[in-house]
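Quick look at target-v3.txt (compact mmCIF, C-alpha atoms and all ligand atoms):
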# COMPACT_ATOMS: atom_id res chain seq x y z
CA MET A 1 109.59 -48.24 112.40
CA ASP A 2 108.58 -51.09 110.10
CA PRO A 3 109.31 -54.24 112.15
CA ALA A 4 110.37 -56.09 108.98
CA SER A 5 113.04 -53.54 108.18
CA PRO A 6 116.51 -54.75 109.14
CA SER A 7 117.81 -51.49 110.55
CA PRO A 8 116.46 -48.02 111.16
CA ALA A 9 116.53 -45.56 108.28
CA PRO A 10 119.58 -43.26 108.37
CA TRP A 11 117.51 -40.28 109.48
CA ARG A 12 116.25 -42.30 112.47
CA ARG A 13 119.78 -43.31 113.43
CA LEU A 14 120.73 -39.67 113.18
CA ALA A 15 117.78 -38.47 115.25
CA ASP A 16 118.40 -41.14 117.85
CA ALA A 17 122.10 -40.28 118.12
CA ALA A 18 121.22 -36.61 118.56
CA GLY A 19 118.81 -37.49 121.37
CA LEU A 20 115.70 -36.53 119.40
CA ILE A 21 113.80 -39.80 119.98
CA ASP A 22 112.10 -39.96 123.39
CA GLU A 23 111.42 -43.08 125.53
CA ARG A 24 108.16 -43.63 123.68
CA GLY A 25 109.80 -43.51 120.26
CA ARG A 26 108.48 -40.07 119.40
CA LEU A 27 110.53 -37.52 117.51
CA SER A 28 111.21 -34.19 119.19
CA SER A 29 112.81 -31.02 117.88
CA THR A 30 116.36 -30.04 118.84
CA ILE A 31 116.85 -28.60 122.33
CA PHE A 32 117.66 -25.22 120.75
CA GLU A 33 114.40 -25.12 118.80
CA GLU A 34 112.45 -26.38 121.78
CA MET A 35 113.80 -23.72 124.10
CA SER A 36 113.39 -20.96 121.50
CA PHE A 37 109.79 -22.11 121.05
CA LEU A 38 109.15 -21.99 124.81
CA ALA A 39 110.83 -18.58 125.03
CA ALA A 40 108.56 -17.23 122.27
CA ARG A 41 105.46 -18.79 123.77
CA HIS A 42 106.06 -17.22 127.19
CA GLY A 43 107.63 -14.00 125.97
CA ALA A 44 110.81 -15.00 127.82
CA ILE A 45 114.31 -13.62 127.32
CA ASN A 46 116.02 -16.27 125.22
CA LEU A 47 119.40 -17.17 126.69
CA GLY A 48 118.98 -20.70 125.32
CA GLN A 49 119.83 -20.93 121.63
CA GLY A 50 123.06 -19.01 121.06
CA PHE A 51 122.43 -16.14 118.65
CA PRO A 52 123.36 -12.47 119.07
CA ASP A 53 120.61 -9.89 119.57
CA THR A 54 122.45 -7.22 117.58
CA ASP A 55 123.53 -7.20 113.95
CA GLY A 56 127.15 -7.40 112.93
CA PRO A 57 129.10 -4.53 111.35
CA GLU A 58 127.42 -2.30 108.77
CA ILE A 59 130.02 -3.25 106.14
CA LEU A 60 128.37 -6.68 105.85
CA ARG A 61 125.02 -5.25 104.79
CA GLU A 62 126.61 -2.69 102.44
CA ALA A 63 128.79 -5.31 100.81
CA LEU A 64 125.87 -7.71 100.49
CA ALA A 65 123.69 -5.07 98.83
CA GLU A 66 126.51 -4.29 96.40
CA ALA A 67 127.09 -7.95 95.61
CA VAL A 68 123.40 -8.53 94.91
CA ALA A 69 123.04 -5.33 92.85
CA GLY A 70 126.29 -6.03 91.02
CA GLY A 71 125.22 -9.34 89.52
CA GLY A 72 126.84 -11.69 92.00
CA ASN A 73 123.77 -13.90 92.13
CA GLN A 74 124.75 -17.09 90.36
CA TYR A 75 126.46 -20.19 91.73
CA ALA A 76 129.71 -19.78 93.53
CA THR A 77 132.19 -22.55 92.79
CA ILE A 78 132.14 -25.58 95.09
CA ALA A 79 135.42 -24.40 96.62
CA GLY A 80 133.88 -20.98 97.25
CA ASP A 81 134.40 -17.31 96.46
CA PRO A 82 138.13 -16.80 95.67
CA ASP A 83 138.24 -13.48 97.59
CA LEU A 84 136.83 -15.14 100.67
CA ARG A 85 139.25 -18.06 100.44
CA ARG A 86 142.12 -15.57 100.11
CA GLY A 87 140.73 -13.57 103.03
CA VAL A 88 140.52 -16.68 105.19
CA ALA A 89 144.12 -17.59 104.30
CA GLU A 90 145.31 -14.09 105.19
CA ALA A 91 143.38 -14.07 108.46
CA GLU A 92 145.02 -17.38 109.37
CA GLU A 93 148.45 -15.92 108.77
CA ARG A 94 147.71 -12.76 110.76
CA ALA A 95 146.47 -14.91 113.64
CA GLY A 96 149.91 -16.56 113.72
CA ARG A 97 148.86 -19.82 112.10
CA ARG A 98 150.22 -21.36 108.90
CA ARG A 99 148.91 -19.59 105.79
CA PRO A 100 146.91 -22.17 103.84
CA ASP A 101 146.88 -22.13 100.03
CA PRO A 102 143.49 -20.60 99.15
CA GLU A 103 143.34 -22.62 95.92
CA THR A 104 143.85 -26.05 97.38
CA GLU A 105 143.44 -25.83 101.15
CA VAL A 106 140.47 -23.53 101.89
CA THR A 107 136.83 -24.43 101.19
CA VAL A 108 133.83 -22.20 101.83
CA THR A 109 130.77 -24.01 103.23
CA ALA A 110 127.18 -23.34 104.24
CA GLY A 111 128.07 -22.52 107.84
CA ALA A 112 130.49 -24.47 110.00
CA THR A 113 127.71 -27.06 110.13
CA GLU A 114 128.27 -28.11 106.54
CA ALA A 115 132.05 -28.09 106.92
CA LEU A 116 131.84 -30.37 109.96
CA ALA A 117 129.32 -32.65 108.27
CA ALA A 118 131.35 -32.87 105.05
CA ALA A 119 134.54 -33.59 106.99
CA MET A 120 132.92 -36.43 108.91
CA LEU A 121 131.01 -37.88 105.96
CA ALA A 122 134.12 -37.73 103.79
CA HIS A 123 136.28 -39.66 106.23
CA LEU A 124 134.28 -41.85 108.63
CA ARG A 125 133.56 -45.41 107.57
CA PRO A 126 130.96 -47.70 109.14
CA GLY A 127 132.65 -49.28 112.15
CA ASP A 128 135.15 -46.44 112.64
CA GLU A 129 135.22 -44.65 115.96
CA VAL A 130 135.18 -40.92 116.53
CA VAL A 131 136.18 -39.24 119.79
CA PHE A 132 134.36 -36.18 121.22
CA PHE A 133 134.66 -34.23 124.40
CA GLU A 134 131.42 -34.42 126.33
CA PRO A 135 129.15 -32.46 126.70
CA PHE A 136 129.11 -31.91 122.92
CA TYR A 137 127.26 -30.04 120.24
CA ASP A 138 124.40 -32.21 118.92
CA LEU A 139 125.65 -32.16 115.34
CA TYR A 140 128.66 -34.37 116.08
CA PRO A 141 126.90 -37.59 117.13
CA ALA A 142 124.16 -37.02 114.55
CA VAL A 143 126.58 -36.89 111.61
CA ALA A 144 128.75 -39.66 113.06
CA ALA A 145 125.62 -41.86 113.13
CA LEU A 146 124.81 -40.94 109.54
CA ALA A 147 128.32 -42.07 108.60
CA GLY A 148 127.87 -45.29 110.60
CA ALA A 149 130.70 -44.45 112.99
CA ALA A 150 130.63 -45.19 116.72
CA VAL A 151 131.17 -42.43 119.28
CA ARG A 152 133.52 -42.48 122.25
CA THR A 153 133.42 -39.53 124.58
CA VAL A 154 135.82 -37.89 126.99
CA PRO A 155 133.74 -36.34 129.78
CA LEU A 156 134.56 -32.81 130.91
CA ARG A 157 133.65 -33.22 134.54
CA PRO A 158 131.95 -30.57 136.62
CA PRO A 159 132.57 -28.24 138.31
CA HIS A 160 135.69 -27.27 136.28
CA PHE A 161 134.98 -29.18 133.06
CA ARG A 162 138.57 -30.28 132.45
CA PRO A 163 139.37 -33.54 130.68
CA ASP A 164 141.09 -36.27 132.67
CA PRO A 165 144.20 -37.45 130.74
CA GLU A 166 143.32 -41.06 131.47
CA ASP A 167 139.81 -40.66 130.07
CA LEU A 168 141.33 -39.05 126.99
CA ALA A 169 143.83 -41.86 126.41
CA ALA A 170 141.15 -44.51 127.04
CA ALA A 171 138.87 -43.03 124.37
CA PHE A 172 141.35 -43.88 121.60
CA THR A 173 141.38 -47.44 120.25
CA GLU A 174 142.64 -49.18 117.13
CA ARG A 175 139.37 -48.16 115.46
CA THR A 176 139.69 -44.43 116.12
CA ARG A 177 139.52 -42.53 112.84
CA MET A 178 138.87 -38.98 114.04
CA VAL A 179 138.86 -36.77 117.11
CA VAL A 180 136.69 -33.65 117.18
CA VAL A 181 137.99 -30.72 119.20
CA ASN A 182 135.66 -27.79 119.80
CA ASP A 183 137.83 -25.09 121.35
CA PRO A 184 136.70 -22.75 122.90
CA HIS A 185 134.13 -25.29 123.94
CA ASN A 186 130.36 -25.10 123.56
CA PRO A 187 128.54 -25.59 125.95
CA THR A 188 130.98 -25.31 128.89
CA GLY A 189 133.02 -22.24 127.86
CA THR A 190 136.23 -24.15 128.59
CA VAL A 191 139.43 -23.38 126.66
CA LEU A 192 141.20 -26.71 126.49
CA GLY A 193 144.76 -25.50 126.91
CA GLU A 194 148.21 -26.53 125.74
CA GLU A 195 148.59 -29.72 127.74
CA THR A 196 145.35 -31.24 126.46
CA ALA A 197 146.06 -30.02 122.93
CA ARG A 198 149.44 -31.79 122.93
CA ARG A 199 147.89 -34.97 124.27
CA VAL A 200 145.18 -34.93 121.61
CA VAL A 201 147.76 -34.56 118.84
CA GLN A 202 149.99 -37.30 120.26
CA LEU A 203 147.06 -39.69 120.54
CA ALA A 204 145.75 -38.82 117.08
CA ALA A 205 149.20 -39.33 115.56
CA ALA A 206 149.73 -42.61 117.41
CA HIS A 207 146.37 -43.89 116.10
CA ASP A 208 146.71 -42.28 112.68
CA ALA A 209 143.46 -40.41 113.30
CA LEU A 210 142.27 -37.14 111.81
CA ILE A 211 141.75 -34.07 113.98
CA LEU A 212 138.65 -32.00 113.22
CA THR A 213 138.61 -28.67 115.02
CA ASP A 214 135.38 -26.76 115.46
CA SER A 215 136.89 -23.31 115.99
CA VAL A 216 133.78 -21.16 115.51
CA TYR A 217 134.38 -19.38 118.85
CA GLU A 218 138.02 -18.67 117.91
CA HIS A 219 137.70 -14.92 118.61
CA LEU A 220 135.74 -15.29 121.85
CA HIS A 221 138.13 -16.08 124.68
CA TYR A 222 138.84 -14.17 127.86
CA ASP A 223 141.38 -15.76 130.18
CA ALA A 224 143.16 -18.24 127.95
CA ASP A 225 144.08 -18.53 124.27
CA PRO A 226 142.96 -21.56 122.27
CA VAL A 227 145.93 -23.54 120.98
CA ASP A 228 146.54 -23.91 117.23
CA LEU A 229 146.31 -27.68 117.03
CA ALA A 230 147.50 -27.86 113.42
CA GLY A 231 150.65 -26.01 114.48
CA LEU A 232 151.74 -28.77 116.87
CA PRO A 233 154.24 -31.38 115.64
CA GLY A 234 152.56 -34.23 113.81
CA ALA A 235 149.22 -32.41 113.44
CA ALA A 236 149.41 -30.39 110.20
CA GLU A 237 148.82 -33.27 107.81
CA ARG A 238 145.88 -34.66 109.79
CA THR A 239 143.97 -31.55 110.86
CA ILE A 240 140.84 -30.01 109.36
CA ARG A 241 140.13 -26.63 110.93
CA VAL A 242 136.56 -25.37 110.68
CA SER A 243 135.35 -21.86 111.44
CA ALA A 244 132.64 -19.46 110.31
CA ALA A 245 131.43 -15.90 110.05
CA SER A 246 128.42 -16.59 112.28
CA LYS A 247 129.81 -15.81 115.73
CA THR A 248 132.62 -13.47 114.74
CA PHE A 249 130.35 -11.18 112.70
CA SER A 250 127.05 -11.84 114.51
CA VAL A 251 125.40 -13.30 111.41
CA THR A 252 124.36 -16.80 112.49
CA GLY A 253 121.66 -16.74 109.80
CA TRP A 254 124.06 -16.14 106.93
CA ARG A 255 125.45 -19.65 106.98
CA VAL A 256 128.94 -18.88 105.75
CA GLY A 257 131.70 -21.09 107.11
CA TRP A 258 134.94 -22.62 105.91
CA ALA A 259 137.25 -25.57 106.29
CA ILE A 260 141.04 -25.38 106.15
CA ALA A 261 142.94 -28.59 105.51
CA PRO A 262 145.91 -29.97 103.57
CA GLN A 263 145.22 -30.70 99.93
CA PRO A 264 144.31 -34.42 100.13
CA LEU A 265 141.87 -33.77 102.97
CA THR A 266 140.45 -30.73 101.18
CA ARG A 267 139.90 -32.75 98.02
CA ALA A 268 137.82 -35.31 99.91
CA LEU A 269 135.91 -32.60 101.74
CA ARG A 270 135.10 -30.68 98.54
CA VAL A 271 133.83 -33.78 96.75
CA THR A 272 131.49 -34.42 99.68
CA LYS A 273 130.28 -30.88 100.24
CA GLY A 274 129.72 -30.43 96.52
CA TYR A 275 126.89 -32.94 96.84
CA LEU A 276 125.49 -31.46 100.04
CA SER A 277 124.89 -27.75 99.37
CA HIS A 278 127.05 -27.47 96.21
CA SER A 279 128.00 -23.97 97.34
CA ALA A 280 127.07 -21.48 100.04
CA ALA A 281 125.08 -18.37 98.99
CA ALA A 282 127.31 -16.43 96.58
CA PRO A 283 126.57 -12.80 97.56
CA LEU A 284 126.88 -13.65 101.24
CA GLN A 285 130.32 -15.11 100.61
CA ALA A 286 131.34 -11.92 98.80
CA ALA A 287 130.11 -9.80 101.72
CA VAL A 288 131.95 -11.89 104.30
CA ALA A 289 135.13 -11.57 102.20
CA ARG A 290 134.81 -7.77 102.40
CA ALA A 291 134.10 -7.88 106.13
CA LEU A 292 137.12 -10.09 106.83
CA ALA A 293 139.43 -7.67 105.01
CA TRP A 294 137.80 -4.70 106.76
CA ALA A 295 138.06 -6.31 110.20
CA GLU A 296 141.81 -6.71 109.85
CA GLN A 297 142.29 -2.98 109.27
CA GLY A 298 140.55 -1.46 112.26
CA SER A 299 139.67 -2.12 115.86
CA PHE A 300 136.95 -4.70 115.20
CA TYR A 301 138.58 -7.66 116.94
CA PRO A 302 139.62 -5.84 120.13
CA GLU A 303 136.12 -4.33 120.33
CA LEU A 304 134.46 -7.69 119.80
CA HIS A 305 136.58 -9.10 122.55
CA GLU A 306 135.79 -6.28 124.97
CA ARG A 307 132.07 -6.42 124.21
CA TYR A 308 131.87 -10.12 124.95
CA ARG A 309 134.05 -9.86 128.01
CA ARG A 310 131.72 -7.17 129.34
CA GLN A 311 128.62 -9.24 128.57
CA ARG A 312 130.18 -12.22 130.28
CA ASP A 313 130.92 -10.12 133.35
CA VAL A 314 127.38 -8.70 133.42
CA LEU A 315 125.96 -12.23 133.33
CA LEU A 316 128.35 -13.50 136.00
CA GLU A 317 127.63 -10.56 138.25
CA GLY A 318 123.88 -10.94 137.81
CA LEU A 319 124.02 -14.66 138.52
CA SER A 320 126.09 -14.09 141.65
CA ALA A 321 122.93 -12.60 143.19
CA THR A 322 120.98 -15.81 142.50
CA ARG A 323 121.13 -19.28 144.02
CA LEU A 324 122.85 -20.65 140.90
CA GLU A 325 126.55 -21.43 140.98
CA VAL A 326 128.22 -20.37 137.78
CA CYS A 327 131.44 -21.72 136.25
CA ALA A 328 133.21 -18.65 134.78
CA PRO A 329 133.77 -19.38 131.08
CA GLU A 330 137.21 -18.84 129.52
CA GLY A 331 135.73 -18.64 126.04
CA THR A 332 132.59 -18.80 123.81
CA PHE A 333 129.44 -16.83 124.61
CA PHE A 334 128.09 -19.49 126.95
CA ALA A 335 128.30 -19.96 130.70
CA VAL A 336 127.12 -23.01 132.61
CA ALA A 337 125.59 -22.83 136.07
CA ARG A 338 124.65 -25.40 138.69
CA VAL A 339 121.12 -25.25 139.96
CA GLY A 340 120.61 -25.34 143.66
CA ARG A 341 123.93 -24.35 145.18
CA ASP A 342 121.93 -23.31 148.24
CA ALA A 343 118.98 -25.51 147.45
CA PRO A 344 119.86 -29.22 147.56
CA GLU A 345 116.23 -30.08 146.82
CA TRP A 346 116.94 -29.03 143.22
CA ALA A 347 119.77 -31.48 142.73
CA GLY A 348 119.50 -33.20 139.37
CA THR A 349 116.71 -30.97 138.09
CA GLY A 350 118.54 -29.02 135.37
CA ALA A 351 116.33 -30.44 132.60
CA GLN A 352 113.08 -29.81 134.50
CA LEU A 353 114.22 -26.35 135.49
CA ALA A 354 115.07 -25.46 131.88
CA GLN A 355 111.55 -26.57 130.87
CA ALA A 356 109.90 -24.53 133.63
CA LEU A 357 112.05 -21.40 133.54
CA PRO A 358 110.51 -19.60 130.52
CA GLU A 359 107.09 -19.58 132.20
CA ARG A 360 108.25 -19.34 135.79
CA ALA A 361 110.95 -16.70 135.43
CA GLY A 362 110.60 -15.35 131.88
CA VAL A 363 114.06 -16.61 130.89
CA ALA A 364 115.03 -19.53 128.63
CA VAL A 365 118.23 -21.57 129.06
CA VAL A 366 119.38 -25.00 127.82
CA PRO A 367 119.95 -28.01 130.11
CA LEU A 368 123.48 -29.36 129.92
CA SER A 369 122.24 -32.96 129.88
CA ALA A 370 120.97 -32.26 126.33
CA PHE A 371 124.62 -32.23 125.22
CA ALA A 372 125.46 -35.59 126.79
CA THR A 373 125.26 -39.32 126.09
CA GLN A 374 122.68 -41.21 128.12
CA ALA A 375 125.49 -42.89 130.04
CA ASN A 376 126.92 -39.57 131.21
CA ALA A 377 123.81 -37.38 131.38
CA HIS A 378 123.82 -37.77 135.18
CA LEU A 379 127.13 -35.88 135.36
CA TYR A 380 125.41 -32.79 134.00
CA ALA A 381 121.96 -33.15 135.55
CA ASP A 382 122.51 -30.19 137.88
CA TRP A 383 123.64 -27.83 135.13
CA VAL A 384 122.10 -25.41 132.64
CA ARG A 385 123.69 -23.24 129.93
CA PHE A 386 123.22 -19.50 129.52
CA ALA A 387 124.05 -17.70 126.26
CA PHE A 388 125.44 -14.22 126.86
CA CYS A 389 125.48 -12.99 123.24
CA LYS A 390 122.89 -10.41 124.30
CA ARG A 391 123.00 -6.69 125.17
CA PRO A 392 124.05 -5.94 128.77
CA GLU A 393 120.61 -4.54 129.68
CA VAL A 394 119.00 -7.77 128.47
CA LEU A 395 121.41 -9.86 130.54
CA ARG A 396 120.77 -7.66 133.60
CA GLU A 397 117.02 -8.05 133.23
CA ALA A 398 117.33 -11.83 132.75
CA THR A 399 119.37 -12.33 135.90
CA ARG A 400 117.07 -9.97 137.84
CA ARG A 401 114.13 -12.15 136.79
CA ILE A 402 115.93 -15.32 137.87
CA ALA A 403 116.67 -13.85 141.28
CA ALA A 404 113.09 -12.58 141.57
CA ALA A 405 111.80 -16.09 140.84
CA GLY A 406 113.67 -17.31 143.93
CA LEU A 407 116.33 -19.18 142.03
N1 LIG B 1 125.35 -23.15 118.12
C1 LIG B 1 124.22 -22.53 118.76
C2 LIG B 1 124.03 -23.06 120.16
O1 LIG B 1 124.74 -23.91 120.61
C3 LIG B 1 122.94 -22.74 117.93
C4 LIG B 1 122.57 -24.13 117.71
C5 LIG B 1 121.39 -24.45 116.82
O2 LIG B 1 120.36 -23.81 116.86
N2 LIG B 1 121.53 -25.47 116.07
O3 LIG B 1 123.16 -22.59 120.83
Write the structure described by the file as structure tokens, please.
Amino acid sequence: MDPASPSPAPWRRLADAAGLIDERGRLSSTIFEEMSFLAARHGAINLGQGFPDTDGPEILREALAEAVAGGGNQYATIAGDPDLRRGVAEAEERAGRRRPDPETEVTVTAGATEALAAAMLAHLRPGDEVVFFEPFYDLYPAVAALAGAAVRTVPLRPPHFRPDPEDLAAAFTERTRMVVVNDPHNPTGTVLGEETARRVVQLAAAHDALILTDSVYEHLHYDADPVDLAGLPGAAERTIRVSAASKTFSVTGWRVGWAIAPQPLTRALRVTKGYLSHSAAAPLQAAVARALAWAEQGSFYPELHERYRRQRDVLLEGLSATRLEVCAPEGTFFAVARVGRDAPEWAGTGAQLAQALPERAGVAVVPLSAFATQANAHLYADWVRFAFCKRPEVLREATRRIAAAGL
């Protein structure tokens, strides 16, 4: 950095907040890219970055081909494809949530990433505070830093990764402008539950803060249902719900997401996102609209659920034969495990283990400390995250390799 410059450039603030600047001031890539790189270099099974190893339903590719061939190749509107917005509204209603008005309350974005970024950039002022559960997805502190907002975190403490009500209450101050709730929760697989949901809404209402839900794992839950935060008293007018096609339809590369919010919040979000991507890719939006309508008709959701439950169980069973201690996830396609249950000499080595594992065992994972603030990284130093969005035979082979490597 230029020593004469008064403050770091925004991108540096962002990179620093996301943990991408090392002790020597050098810029690194994200933990997901780093682990995918190591996996590729060592030919390892990649259970690090969370992306499925199978394609989503055929209807997506058919509908995309038709959209492209049928002239759907020019800009979508900033708000997004009307069929997709209608489809999102209908899916909300069928899921038992309030049906948003597709014209004024649903916005299609370039993945949940853009929806989350637009929501934060639209509403966070320099000096505001934003509350996250920790460990957290790296996007949240990065965009908060870009907006100039300060982060307060509520640690989900191992081994059960439940928030302490006192920590939650203490995170809210007179400066709190927003609380971000990722439920089901990446990376821990926790489903936050009714009690926490009610507390979050009460605190947000008492501090007149917005609630931003990152609900991209909404269809992936096994032992508990995520609560509809916007449906709780006092929440509807302050909640922006974000979700995406990526996880539900196994198309993480398509970058089609959406934000659902009351009209005044939607207006602010659309103005902001209009100057980020303008609009997500038009034919992909059309294809996701078709897939959403199709999914409602048949057995897609129950099958999705069963497939992921099975994959989770294959991973858990495989890991039970290793020296890692796994915390059974209630949702998402991630499971976290403690290194060295029977090997105290490994205490605190999650980050080193994640670095070594691709070469040593032929498996890539992500260290949980990568999702933490410096102050709390020690809480997660024993833990690594496994992604189980992979075929059962791949998960079996990965856990066999881990056991064979003596872990
Ligand atoms: N959301 C996915 C994960 O947590 C992918 C993240 C990414 O590559 N940015 O693994």
With 8 Å on each side, where is the centre of the axis-aligned box around all listed atoms of region 193-203 of chain A, and how long are its edges in Å to one decimal, as AutoDock Vina command-line options?
--center_x 147.4 --center_y -32.6 --center_z 123.3 --size_x 21.2 --size_y 30.2 --size_z 24.9
Within 10 Å of ligand LIG 1 (chain B), which residues show up when you count only C-alpha atoms and all ligand atoms? List them as JSON, numbers by chain, please.
-> {"A": [30, 31, 32, 33, 34, 35, 36, 47, 48, 49, 50, 51, 112, 113, 136, 137, 138, 139, 186, 187, 216, 217, 246, 247, 252, 332, 333, 334, 365, 366, 371, 385, 386, 387]}
How far is it from CA of Phe388 (chain A) to CA of Val363 (chain A), in Å with one decimal?
-> 12.3 Å
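Proximity to Ala291 (chain A) was assessed for A:Ala245, A:Ala150, A:Ala206, A:Leu276 counting all atoms listed in the file; the smallest distance is recorded for A:Ala245.
Summary of the local environment: counting all atoms listed in the file, residues at most 9 Å from region 318-328 of chain A, other than itself and those fewer than 6 positions away along its chain, are A:Pro158, A:Pro159, A:His160, A:Phe161, A:Thr188, A:Gly189, A:Thr190, A:Arg312, A:Ala335, A:Val336, A:Ala337, A:Arg338, A:Val339, A:Gly340, A:Arg341, A:Asp342, A:Ala343, A:Leu395, A:Arg396, A:Glu397, A:Ala398, A:Thr399, A:Arg400, A:Ile402, A:Ala403, A:Ala404, A:Gly406, A:Leu407.
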Which one is closest to Ala261 (chain A): A:Ile59, A:Leu316, A:Ala244, A:Ile211? Count only C-alpha atoms.
-> A:Ile211
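Between Val130 (chain A) and the candidates A:Val394, A:Ala372, A:Val143, A:Ile21, the tightest atom-to-atom separation, counting only C-alpha atoms, involves A:Val143.
Of the listed residues A:Gly253, A:Pro264, A:Gly56, A:Gly362, the one whose atoms come nearest to Ala236 (chain A) is A:Pro264, with distances taken using all atoms listed in the file.
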Name the closest residue to Gly298 (chain A) among the candidates A:Asp225, A:Phe132, A:Pro57, A:Pro262; distances are taken between atoms, counting all atoms listed in the file.
-> A:Pro57
